[in-house]
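Just start_20.tsv here, TSV, C-alpha atoms and all ligand atoms:
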```tsv
chain	number	residue	atom	x	y	z
A	1	MET	CA	-26.64	-1.77	-0.26
A	2	ILE	CA	-23.19	-0.18	-0.43
A	3	ASN	CA	-22.84	3.03	-2.41
A	4	ILE	CA	-19.53	4.86	-2.46
A	5	LYS	CA	-20.14	6.80	-5.66
A	6	GLY	CA	-18.44	10.20	-5.58
A	7	ARG	CA	-16.27	9.38	-2.56
A	8	HIS	CA	-12.61	10.26	-2.12
A	9	LEU	CA	-10.11	7.63	-0.99
A	10	LEU	CA	-7.64	9.56	1.16
A	11	THR	CA	-7.23	7.01	3.95
A	12	LEU	CA	-9.13	3.85	4.80
A	13	LEU	CA	-9.90	5.40	8.18
A	14	ASP	CA	-12.75	7.08	6.26
A	15	TYR	CA	-14.19	3.75	5.07
A	16	SER	CA	-16.38	1.35	7.04
A	17	THR	CA	-15.67	-2.36	7.30
A	18	ARG	CA	-18.54	-3.08	4.89
A	19	GLU	CA	-17.25	-0.55	2.36
A	20	ILE	CA	-13.78	-2.11	2.43
A	21	GLU	CA	-15.27	-5.60	2.09
A	22	TYR	CA	-17.32	-4.35	-0.85
A	23	LEU	CA	-14.16	-3.08	-2.58
A	24	LEU	CA	-12.45	-6.42	-1.92
A	25	ASP	CA	-15.42	-8.33	-3.39
A	26	LEU	CA	-15.59	-6.05	-6.41
A	27	SER	CA	-11.83	-6.42	-6.99
A	28	ARG	CA	-12.25	-10.20	-7.08
A	29	ASP	CA	-15.26	-9.95	-9.43
A	30	LEU	CA	-13.43	-7.63	-11.82
A	31	LYS	CA	-10.37	-9.88	-11.82
A	32	ARG	CA	-12.52	-12.90	-12.67
A	33	ALA	CA	-14.35	-10.97	-15.39
A	34	LYS	CA	-11.08	-9.91	-17.00
A	35	TYR	CA	-9.75	-13.49	-16.92
A	36	ALA	CA	-13.04	-14.84	-18.30
A	37	GLY	CA	-13.20	-12.22	-21.04
A	38	THR	CA	-16.56	-10.97	-19.76
A	39	GLU	CA	-15.50	-7.56	-18.44
A	40	GLU	CA	-18.03	-4.79	-19.06
A	41	LYS	CA	-16.84	-1.23	-19.51
A	42	LYS	CA	-18.42	0.87	-16.77
A	43	LEU	CA	-16.29	3.98	-17.26
A	44	ASN	CA	-16.92	4.79	-20.92
A	45	GLY	CA	-16.36	8.46	-21.59
A	46	LYS	CA	-14.80	9.17	-18.19
A	47	ASN	CA	-11.51	11.05	-17.87
A	48	VAL	CA	-9.04	10.40	-15.08
A	49	VAL	CA	-5.87	12.38	-14.34
A	50	ILE	CA	-3.04	10.75	-12.40
A	51	LEU	CA	-0.57	13.10	-10.70
A	52	PHE	CA	2.75	11.85	-9.39
A	53	GLN	CA	5.13	13.95	-7.30
A	54	LYS	CA	7.17	10.77	-6.71
A	55	THR	CA	8.12	7.93	-9.06
A	56	SER	CA	5.93	4.83	-9.54
A	57	THR	CA	5.68	1.64	-11.55
A	58	ARG	CA	2.73	-0.31	-10.08
A	59	THR	CA	0.40	2.51	-9.08
A	60	ARG	CA	0.79	4.41	-12.33
A	61	CYS	CA	0.43	1.35	-14.56
A	62	ALA	CA	-2.45	-0.02	-12.48
A	63	PHE	CA	-4.42	3.23	-12.89
A	64	GLU	CA	-3.67	3.41	-16.61
A	65	VAL	CA	-4.55	-0.21	-17.44
A	66	ALA	CA	-7.58	-0.27	-15.13
A	67	ALA	CA	-8.98	2.94	-16.64
A	68	LEU	CA	-8.38	1.81	-20.22
A	69	ASP	CA	-9.92	-1.64	-19.56
A	70	GLN	CA	-13.02	0.14	-18.30
A	71	GLY	CA	-13.25	2.58	-21.21
A	72	ALA	CA	-11.88	5.68	-19.46
A	73	HIS	CA	-9.15	8.01	-20.73
A	74	VAL	CA	-6.08	8.81	-18.64
A	75	THR	CA	-3.69	11.77	-18.43
A	76	TYR	CA	-0.41	11.13	-16.64
A	77	ILE	CA	1.36	14.12	-15.06
A	78	GLY	CA	4.80	13.53	-13.53
A	79	ALA	CA	6.66	15.54	-10.91
A	80	ASP	CA	7.49	18.51	-13.15
A	81	GLY	CA	4.69	18.04	-15.68
A	82	SER	CA	2.34	20.78	-14.50
A	83	GLN	CA	2.23	24.22	-12.87
A	84	MET	CA	1.12	22.75	-9.54
A	85	GLY	CA	3.10	23.83	-6.53
A	86	ILE	CA	5.54	26.03	-8.46
A	87	LYS	CA	3.30	28.55	-10.20
A	88	GLU	CA	-0.13	27.44	-9.05
A	89	SER	CA	-1.48	26.44	-5.67
A	90	ILE	CA	-2.97	23.02	-4.99
A	91	ALA	CA	-6.37	24.60	-4.40
A	92	ASP	CA	-6.33	26.32	-7.81
A	93	THR	CA	-5.01	23.22	-9.59
A	94	ALA	CA	-7.76	21.16	-7.95
A	95	ARG	CA	-10.47	23.51	-9.24
A	96	VAL	CA	-9.05	23.40	-12.76
A	97	LEU	CA	-8.61	19.63	-12.92
A	98	GLY	CA	-11.98	19.04	-11.26
A	99	ARG	CA	-13.67	20.85	-14.16
A	100	MET	CA	-11.98	18.67	-16.78
A	101	TYR	CA	-11.69	15.27	-15.14
A	102	ASP	CA	-14.05	12.86	-13.41
A	103	ALA	CA	-11.42	11.77	-10.87
A	104	ILE	CA	-7.88	12.59	-9.75
A	105	GLU	CA	-5.20	10.27	-8.44
A	106	PHE	CA	-2.43	11.99	-6.46
A	107	ARG	CA	0.88	10.56	-5.18
A	108	CYS	CA	2.29	13.24	-2.93
A	109	PHE	CA	4.89	14.09	-0.33
A	110	LYS	CA	2.40	15.46	2.19
A	111	GLN	CA	-0.95	13.97	3.10
A	112	ALA	CA	-2.12	17.53	3.80
A	113	ASP	CA	-1.66	18.30	0.07
A	114	CYS	CA	-3.82	15.33	-0.88
A	115	ASP	CA	-6.49	16.47	1.59
A	116	GLU	CA	-6.28	20.00	0.15
A	117	LEU	CA	-6.68	18.72	-3.41
A	118	ALA	CA	-9.71	16.71	-2.32
A	119	LYS	CA	-11.22	19.71	-0.56
A	120	TYR	CA	-11.27	21.79	-3.75
A	121	ALA	CA	-11.52	19.26	-6.61
A	122	GLY	CA	-15.25	18.56	-6.57
A	123	VAL	CA	-14.52	15.06	-7.96
A	124	PRO	CA	-13.16	11.94	-6.23
A	125	VAL	CA	-9.49	12.11	-5.26
A	126	TYR	CA	-7.52	8.90	-4.69
A	127	ASN	CA	-4.42	9.00	-2.54
A	128	GLY	CA	-1.81	7.13	-4.57
A	129	LEU	CA	0.62	7.18	-1.59
A	130	SER	CA	1.58	9.91	0.84
A	131	GLU	CA	4.08	9.94	3.69
A	132	LEU	CA	1.30	8.65	5.98
A	133	TYR	CA	-0.90	6.27	4.01
A	134	HIS	CA	-1.09	4.02	0.95
A	135	PRO	CA	-4.79	3.10	0.82
A	136	THR	CA	-5.04	1.73	-2.74
A	137	GLN	CA	-2.22	-0.70	-1.89
A	138	MET	CA	-4.35	-2.12	0.92
A	139	ILE	CA	-7.23	-3.24	-1.26
A	140	ALA	CA	-4.72	-5.24	-3.33
A	141	ASP	CA	-3.00	-6.59	-0.23
A	142	TYR	CA	-6.07	-7.82	1.60
A	143	MET	CA	-7.46	-9.12	-1.71
A	144	THR	CA	-4.27	-11.16	-2.08
A	145	MET	CA	-4.60	-12.47	1.49
A	146	ARG	CA	-8.18	-13.53	0.71
A	147	GLU	CA	-6.96	-15.41	-2.36
A	148	LYS	CA	-4.58	-17.38	-0.15
A	149	PHE	CA	-6.56	-17.76	3.10
A	150	GLY	CA	-10.20	-17.43	2.03
A	151	HIS	CA	-12.83	-14.75	2.31
A	152	ASP	CA	-12.85	-14.29	6.09
A	153	LEU	CA	-9.52	-12.97	7.34
A	154	LYS	CA	-10.70	-12.51	10.94
A	155	GLY	CA	-8.04	-13.70	13.36
A	156	LYS	CA	-5.38	-14.24	10.70
A	157	LYS	CA	-2.03	-12.93	11.93
A	158	VAL	CA	-0.34	-10.32	9.73
A	159	VAL	CA	3.08	-9.09	10.85
A	160	PHE	CA	4.83	-6.06	9.41
A	161	PHE	CA	8.61	-6.10	9.97
A	162	GLY	CA	10.76	-2.97	9.72
A	163	ASP	CA	9.85	0.69	9.50
A	164	ALA	CA	6.54	0.05	11.25
A	165	ARG	CA	5.32	3.65	11.06
A	166	ASN	CA	5.71	4.18	7.34
A	167	ASN	CA	2.79	4.69	4.95
A	168	VAL	CA	2.36	0.99	4.17
A	169	ALA	CA	2.61	-0.17	7.79
A	170	ASN	CA	0.14	2.49	8.96
A	171	SER	CA	-2.33	1.48	6.29
A	172	LEU	CA	-1.94	-2.24	6.97
A	173	MET	CA	-2.76	-1.57	10.62
A	174	ILE	CA	-5.84	0.53	9.77
A	175	CYS	CA	-7.18	-2.08	7.38
A	176	ALA	CA	-6.44	-4.92	9.83
A	177	ALA	CA	-8.39	-3.09	12.52
A	178	LYS	CA	-11.33	-2.62	10.14
A	179	LEU	CA	-11.32	-6.27	9.02
A	180	GLY	CA	-10.82	-7.97	12.40
A	181	VAL	CA	-7.32	-9.12	11.49
A	182	HIS	CA	-4.60	-9.73	14.12
A	183	PHE	CA	-1.88	-7.21	13.26
A	184	VAL	CA	1.61	-6.96	14.71
A	185	ALA	CA	3.89	-3.99	14.05
A	186	CYS	CA	7.39	-5.39	14.59
A	187	GLY	CA	10.37	-3.07	14.71
A	188	PRO	CA	12.39	-0.93	17.12
A	189	LYS	CA	10.18	1.12	19.42
A	190	GLU	CA	11.18	4.43	17.82
A	191	LEU	CA	9.69	3.20	14.55
A	192	TRP	CA	6.33	2.09	15.92
A	193	PRO	CA	3.22	3.86	14.59
A	194	ALA	CA	2.21	7.25	16.01
A	195	LYS	CA	0.29	7.08	19.29
A	196	ASP	CA	-2.78	8.87	17.96
A	197	LEU	CA	-3.07	6.48	15.01
A	198	ILE	CA	-2.72	3.49	17.35
A	199	ALA	CA	-5.47	4.93	19.57
A	200	LYS	CA	-7.81	5.36	16.57
A	201	CYS	CA	-7.12	1.83	15.37
A	202	GLU	CA	-7.61	0.39	18.84
A	203	GLU	CA	-11.05	2.01	19.00
A	204	ILE	CA	-11.96	0.37	15.68
A	205	ALA	CA	-10.46	-2.95	16.79
A	206	LYS	CA	-12.75	-3.06	19.82
A	207	GLU	CA	-15.73	-3.24	17.48
A	208	THR	CA	-14.33	-5.68	14.93
A	209	GLY	CA	-12.48	-8.06	17.27
A	210	SER	CA	-9.13	-7.22	15.70
A	211	LYS	CA	-6.02	-7.52	17.87
A	212	LEU	CA	-3.16	-5.02	17.51
A	213	GLU	CA	0.27	-5.69	18.95
A	214	PHE	CA	3.62	-3.90	18.96
A	215	GLU	CA	6.72	-6.02	19.29
A	216	GLU	CA	10.48	-5.52	19.24
A	217	ASP	CA	11.41	-9.20	19.01
A	218	PRO	CA	11.07	-10.50	15.42
A	219	MET	CA	11.02	-14.19	16.38
A	220	LYS	CA	8.19	-13.61	18.86
A	221	ALA	CA	6.26	-11.62	16.28
A	222	ALA	CA	6.69	-14.26	13.57
A	223	LYS	CA	5.38	-17.08	15.75
A	224	GLY	CA	2.24	-18.52	14.13
A	225	ALA	CA	2.04	-15.65	11.62
A	226	HIS	CA	0.10	-16.13	8.39
A	227	VAL	CA	1.57	-13.15	6.55
A	228	LEU	CA	5.13	-11.86	6.92
A	229	TYR	CA	5.14	-8.42	5.34
A	230	THR	CA	7.93	-5.92	4.89
A	231	ASP	CA	8.76	-2.76	2.96
A	232	ILE	CA	11.93	-0.83	2.11
A	233	TRP	CA	13.77	0.72	5.08
A	234	VAL	CA	13.93	4.24	3.64
A	235	SER	CA	10.83	5.57	1.92
A	236	MET	CA	10.55	8.02	-0.97
A	237	GLY	CA	10.90	11.56	0.29
A	238	GLU	CA	13.27	10.64	3.16
A	239	PRO	CA	16.86	11.96	2.96
A	240	LYS	CA	19.49	9.47	1.79
A	241	GLU	CA	21.65	10.35	4.83
A	242	ILE	CA	19.20	8.32	6.91
A	243	TRP	CA	20.27	4.98	5.38
A	244	GLU	CA	23.10	4.37	7.84
A	245	GLN	CA	20.89	4.81	10.89
A	246	ARG	CA	18.03	2.76	9.37
A	247	ILE	CA	20.35	-0.11	8.47
A	248	LYS	CA	21.57	-0.24	12.07
A	249	LEU	CA	18.04	-0.15	13.41
A	250	LEU	CA	16.38	-2.49	10.95
A	251	GLN	CA	18.89	-5.19	10.06
A	252	PRO	CA	17.55	-7.46	12.84
A	253	TYR	CA	14.10	-7.20	11.21
A	254	GLN	CA	15.00	-8.62	7.82
A	255	VAL	CA	12.41	-11.19	6.69
A	256	ASN	CA	14.32	-14.44	6.09
A	257	SER	CA	13.85	-18.19	6.32
A	258	LYS	CA	14.53	-18.18	10.11
A	259	LEU	CA	11.26	-16.30	10.66
A	260	PHE	CA	9.35	-18.73	8.44
A	261	GLU	CA	10.47	-21.63	10.65
A	262	VAL	CA	8.28	-20.35	13.49
A	263	ALA	CA	5.45	-18.93	11.33
A	264	ASP	CA	2.27	-20.82	10.38
A	265	LYS	CA	3.03	-23.66	7.97
A	266	GLU	CA	0.87	-21.92	5.33
A	267	ALA	CA	2.56	-18.54	5.88
A	268	ILE	CA	3.24	-16.29	2.90
A	269	PHE	CA	5.61	-13.41	2.24
A	270	MET	CA	4.24	-10.06	1.06
A	271	HIS	CA	5.87	-6.77	0.05
A	272	CYS	CA	4.31	-3.75	-1.67
A	273	LEU	CA	7.45	-3.49	-3.87
A	274	PRO	CA	9.86	-2.22	-5.07
A	275	SER	CA	12.31	-4.24	-2.98
A	276	TYR	CA	16.05	-4.37	-2.33
A	277	HIS	CA	16.52	-8.15	-2.21
A	278	ASP	CA	19.58	-8.37	-4.49
A	279	LEU	CA	22.21	-6.22	-6.17
A	280	LYS	CA	20.33	-5.55	-9.38
A	281	THR	CA	19.35	-1.95	-8.55
A	282	ASP	CA	21.42	1.25	-8.40
A	283	ILE	CA	20.47	1.92	-4.77
A	284	GLY	CA	21.09	-1.73	-3.86
A	285	LYS	CA	24.60	-1.50	-5.37
A	286	ASP	CA	25.30	1.82	-3.68
A	287	ILE	CA	24.27	0.45	-0.25
A	288	HIS	CA	26.40	-2.62	-0.90
A	289	GLU	CA	29.44	-0.45	-1.60
A	290	LYS	CA	28.91	1.73	1.47
A	291	PHE	CA	27.67	-0.79	4.04
A	292	GLY	CA	28.43	-4.24	2.59
A	293	LEU	CA	24.82	-5.48	2.53
A	294	SER	CA	23.78	-7.54	-0.48
A	295	GLU	CA	20.11	-7.88	0.49
A	296	MET	CA	18.10	-5.69	2.80
A	297	GLU	CA	14.52	-5.91	4.12
A	298	VAL	CA	14.04	-9.46	2.77
A	299	SER	CA	16.50	-12.21	1.91
A	300	ASN	CA	16.67	-13.07	-1.77
A	301	GLU	CA	15.89	-16.67	-0.80
A	302	VAL	CA	12.50	-15.73	0.69
A	303	PHE	CA	11.73	-13.22	-2.06
A	304	GLU	CA	12.24	-15.86	-4.75
A	305	SER	CA	10.62	-18.72	-2.80
A	306	LYS	CA	7.22	-20.38	-3.20
A	307	ARG	CA	6.16	-18.51	-0.07
A	308	SER	CA	6.43	-15.22	-1.90
A	309	TRP	CA	3.17	-13.75	-3.18
A	310	VAL	CA	4.65	-10.42	-4.22
A	311	PHE	CA	3.82	-10.63	-7.90
A	312	GLU	CA	0.22	-11.76	-7.28
A	313	GLU	CA	0.04	-8.77	-4.95
A	314	ALA	CA	1.47	-6.46	-7.63
A	315	GLU	CA	-1.01	-7.75	-10.23
A	316	ASN	CA	-3.85	-7.20	-7.80
A	317	ARG	CA	-3.00	-3.49	-7.66
A	318	MET	CA	-4.62	-3.23	-11.09
A	319	HIS	CA	-7.79	-5.19	-10.30
A	320	SER	CA	-8.29	-3.37	-7.01
A	321	ILE	CA	-7.64	0.12	-8.40
A	322	LYS	CA	-10.16	-0.75	-11.09
A	323	ALA	CA	-12.65	-1.65	-8.37
A	324	ILE	CA	-12.01	1.66	-6.58
A	325	MET	CA	-12.65	3.65	-9.77
A	326	VAL	CA	-15.72	1.63	-10.79
A	327	ALA	CA	-17.23	1.91	-7.30
A	328	THR	CA	-16.66	5.64	-6.99
A	329	LEU	CA	-17.34	6.70	-10.59
A	330	SER	CA	-19.89	4.45	-12.27
B	401	LIG	N1	3.72	-0.53	-4.41
B	401	LIG	C1	3.76	0.63	-5.10
B	401	LIG	O1	3.06	1.60	-4.81
B	401	LIG	O2	4.61	0.60	-6.15
B	401	LIG	P1	5.01	1.84	-7.08
B	401	LIG	O3	5.82	2.79	-6.24
B	401	LIG	O4	5.77	1.23	-8.21
B	401	LIG	O5	3.73	2.49	-7.55
B	402	LIG	N1	7.17	2.99	1.93
B	402	LIG	C1	7.47	3.02	0.50
B	402	LIG	C2	6.35	2.41	-0.26
B	402	LIG	C3	6.56	2.33	-1.75
B	402	LIG	C4	5.41	1.73	-2.46
B	402	LIG	C5	7.72	4.46	0.07
B	402	LIG	O1	6.95	5.34	0.48
B	402	LIG	O2	8.66	4.71	-0.66
```

Let me see the file written as structure tokens.
Ligand code: CP
Ligand code: NVA
Amino acid sequence: MINIKGRHLLTLLDYSTREIEYLLDLSRDLKRAKYAGTEEKKLNGKNVVILFQKTSTRTRCAFEVAALDQGAHVTYIGADGSQMGIKESIADTARVLGRMYDAIEFRCFKQADCDELAKYAGVPVYNGLSELYHPTQMIADYMTMREKFGHDLKGKKVVFFGDARNNVANSLMICAAKLGVHFVACGPKELWPAKDLIAKCEEIAKETGSKLEFEEDPMKAAKGAHVLYTDIWVSMGEPKEIWEQRIKLLQPYQVNSKLFEVADKEAIFMHCLPSYHDLKTDIGKDIHEKFGLSEMEVSNEVFESKRSWVFEEAENRMHSIKAIMVATLS
């Protein structure tokens, strides 16, 4: 029997393989129930506050729709929408919100702030993305992989190309280790995950049979891969001056059709989104003017192809965040 009622979700390092599998199963069940029109409201009368120090489309909307579907009420607080940080400490804010709400989602600049909020809140805190981790994204991502490759992902090869030590890459590696997945972090050595995180994941991998690899050659990494995953080259919270250096470092790691030629014939493309795959964004246009690139971490061809599961993945953010709230609150 799995019971994660009352638990925080700060990083999936804190969750066992069985607990993650339970969240994946529940995400699937809740998705089916919504499609079948048989969803039962398990969060009637609950109140959830969602705090965002950084912008969001998917995470915010997923929390709002998931909570409302389940009968809960939601308060959204944007970057300058509360006293937190400016006039009131995180510890004090946590104790106030914890007395009014049943759970708190927090998208923050520093993981330490999320941990601090969790320490004082007295109610579950969900990390909605920090500089280190993006745990709610992972339930959606591995749920999406299950939809494509079946329930047991053991031995499937998932390759992350690009800034392989960002929040999404770190979390993909952790979850791969927990689920027995073969994970490859592919990028220049200076952007490989931190040594202590690798050591922790390798310990976990020993028990689950997962294989973790670190590779500088994108063609080698893509060989036989089932999932080709990438993310933007400069994350929220990083200075814009870093673009030039990142472009130089990461251009060879763009996910494009060349990589799919050597991947598994069933291989899919995944991306947490948002993505710079064309010139329809302000930042995309700005980078084009300065550096001449018209697509960045993924070619538009791959992004728009049948291989691309990015919108299934985005939809699954809602079903999986619903599962996280139902499992920890009902
Ligand atoms: N993938 C993701 O977290 O998207 P948002 O930044 O839109 O929430
Ligand atoms: N690495 C990206 C993920 C966005 C969902 C960022 O932190 O901006």

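Picture a line from CA of Leu179 in chain A to CA of Glu207 in chain A; it runs 10.0 Å.
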
Identify, counting all atoms listed in the file, the protein, DNA and RNA residues located within 8 Å of ligand LIG 401 (chain B), and give them as a VMD selection string. chain A and resid 55 to 61 128 to 129 134 137 271 to 274 314

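Going from CA of Lys54 in chain A over to CA of Thr230 in chain A, you cover 20.3 Å.
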
Proximity check chain A to ligand LIG 402 (chain B), 6 Å, nearest pairs one decimal Å, all atoms listed in the file, as JSON lines:
```
{"residue": "A:Asn166", "atom": "CA", "partner": "B:LIG402", "partner_atom": "N1", "distance": 5.7}
{"residue": "A:Asn167", "atom": "CA", "partner": "B:LIG402", "partner_atom": "N1", "distance": 5.6}
{"residue": "A:Val168", "atom": "CA", "partner": "B:LIG402", "partner_atom": "N1", "distance": 5.7}
{"residue": "A:Ser235", "atom": "CA", "partner": "B:LIG402", "partner_atom": "O2", "distance": 3.5}
{"residue": "A:Met236", "atom": "CA", "partner": "B:LIG402", "partner_atom": "O2", "distance": 3.8}
{"residue": "A:Cys272", "atom": "CA", "partner": "B:LIG402", "partner_atom": "C4", "distance": 5.6}
{"residue": "A:Leu273", "atom": "CA", "partner": "B:LIG402", "partner_atom": "C4", "distance": 5.8}
```

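With only C-alpha atoms as the atoms that count, the minimum distance from Val125 in chain A to the choices A:Lys223, A:Lys240, A:Arg107, A:Lys87 is reached by A:Arg107.
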
Please report the interatomic distance between CA of Met296 in chain A and CA of Gly237 in chain A in Å with one decimal. 18.9 Å

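Near Pro193 in chain A, within 8 Å and counting all atoms listed in the file, sit Ala164, Arg165, Asn166, Ala169, Asn170, Ala185, Leu191, Lys195, Leu197 and Ile198 of chain A; same-chain residues fewer than 2 positions away were not included.
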
For Ile2 in chain A, find every residue with an atom within 10 Å (counting all atoms listed in the file), except residues of its own chain fewer than 6 positions away, and show them as an MDAnalysis selection string. chainID A and resid 18:19 21:23 327

With 12 Å as the cut-off and all atoms listed in the file counted, what is the closest atom pair between each nearby residue of range 199-289 of chain A and range 142-145 of chain A? Distances in Å to one decimal, ordered by chain and number, as JSON lines.
```
{"residue": "A:His226", "atom": "CA", "partner": "A:Met145", "partner_atom": "CA", "distance": 9.1}
{"residue": "A:Val227", "atom": "CA", "partner": "A:Met145", "partner_atom": "CA", "distance": 8.0}
{"residue": "A:Leu228", "atom": "CA", "partner": "A:Met145", "partner_atom": "CA", "distance": 11.2}
{"residue": "A:Tyr229", "atom": "CA", "partner": "A:Met145", "partner_atom": "CA", "distance": 11.2}
{"residue": "A:Glu266", "atom": "CA", "partner": "A:Met145", "partner_atom": "CA", "distance": 11.6}
{"residue": "A:Ala267", "atom": "CA", "partner": "A:Met145", "partner_atom": "CA", "distance": 10.4}
{"residue": "A:Ile268", "atom": "CA", "partner": "A:Met145", "partner_atom": "CA", "distance": 8.8}
{"residue": "A:Phe269", "atom": "CA", "partner": "A:Met145", "partner_atom": "CA", "distance": 10.3}
{"residue": "A:Met270", "atom": "CA", "partner": "A:Thr144", "partner_atom": "CA", "distance": 9.1}
{"residue": "A:His271", "atom": "CA", "partner": "A:Thr144", "partner_atom": "CA", "distance": 11.3}
{"residue": "A:Cys272", "atom": "CA", "partner": "A:Thr144", "partner_atom": "CA", "distance": 11.3}
```

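Nearest to His151 in chain A of all the residues A:Val326, A:Asp14, A:Ala62, A:Leu24 is A:Leu24, counting only C-alpha atoms.
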
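Of the listed residues (A:Val184, A:Ile4, A:Ile321, A:Ala79), A:Ile4 comes nearest to Ser16 in chain A; the distances count only C-alpha atoms.
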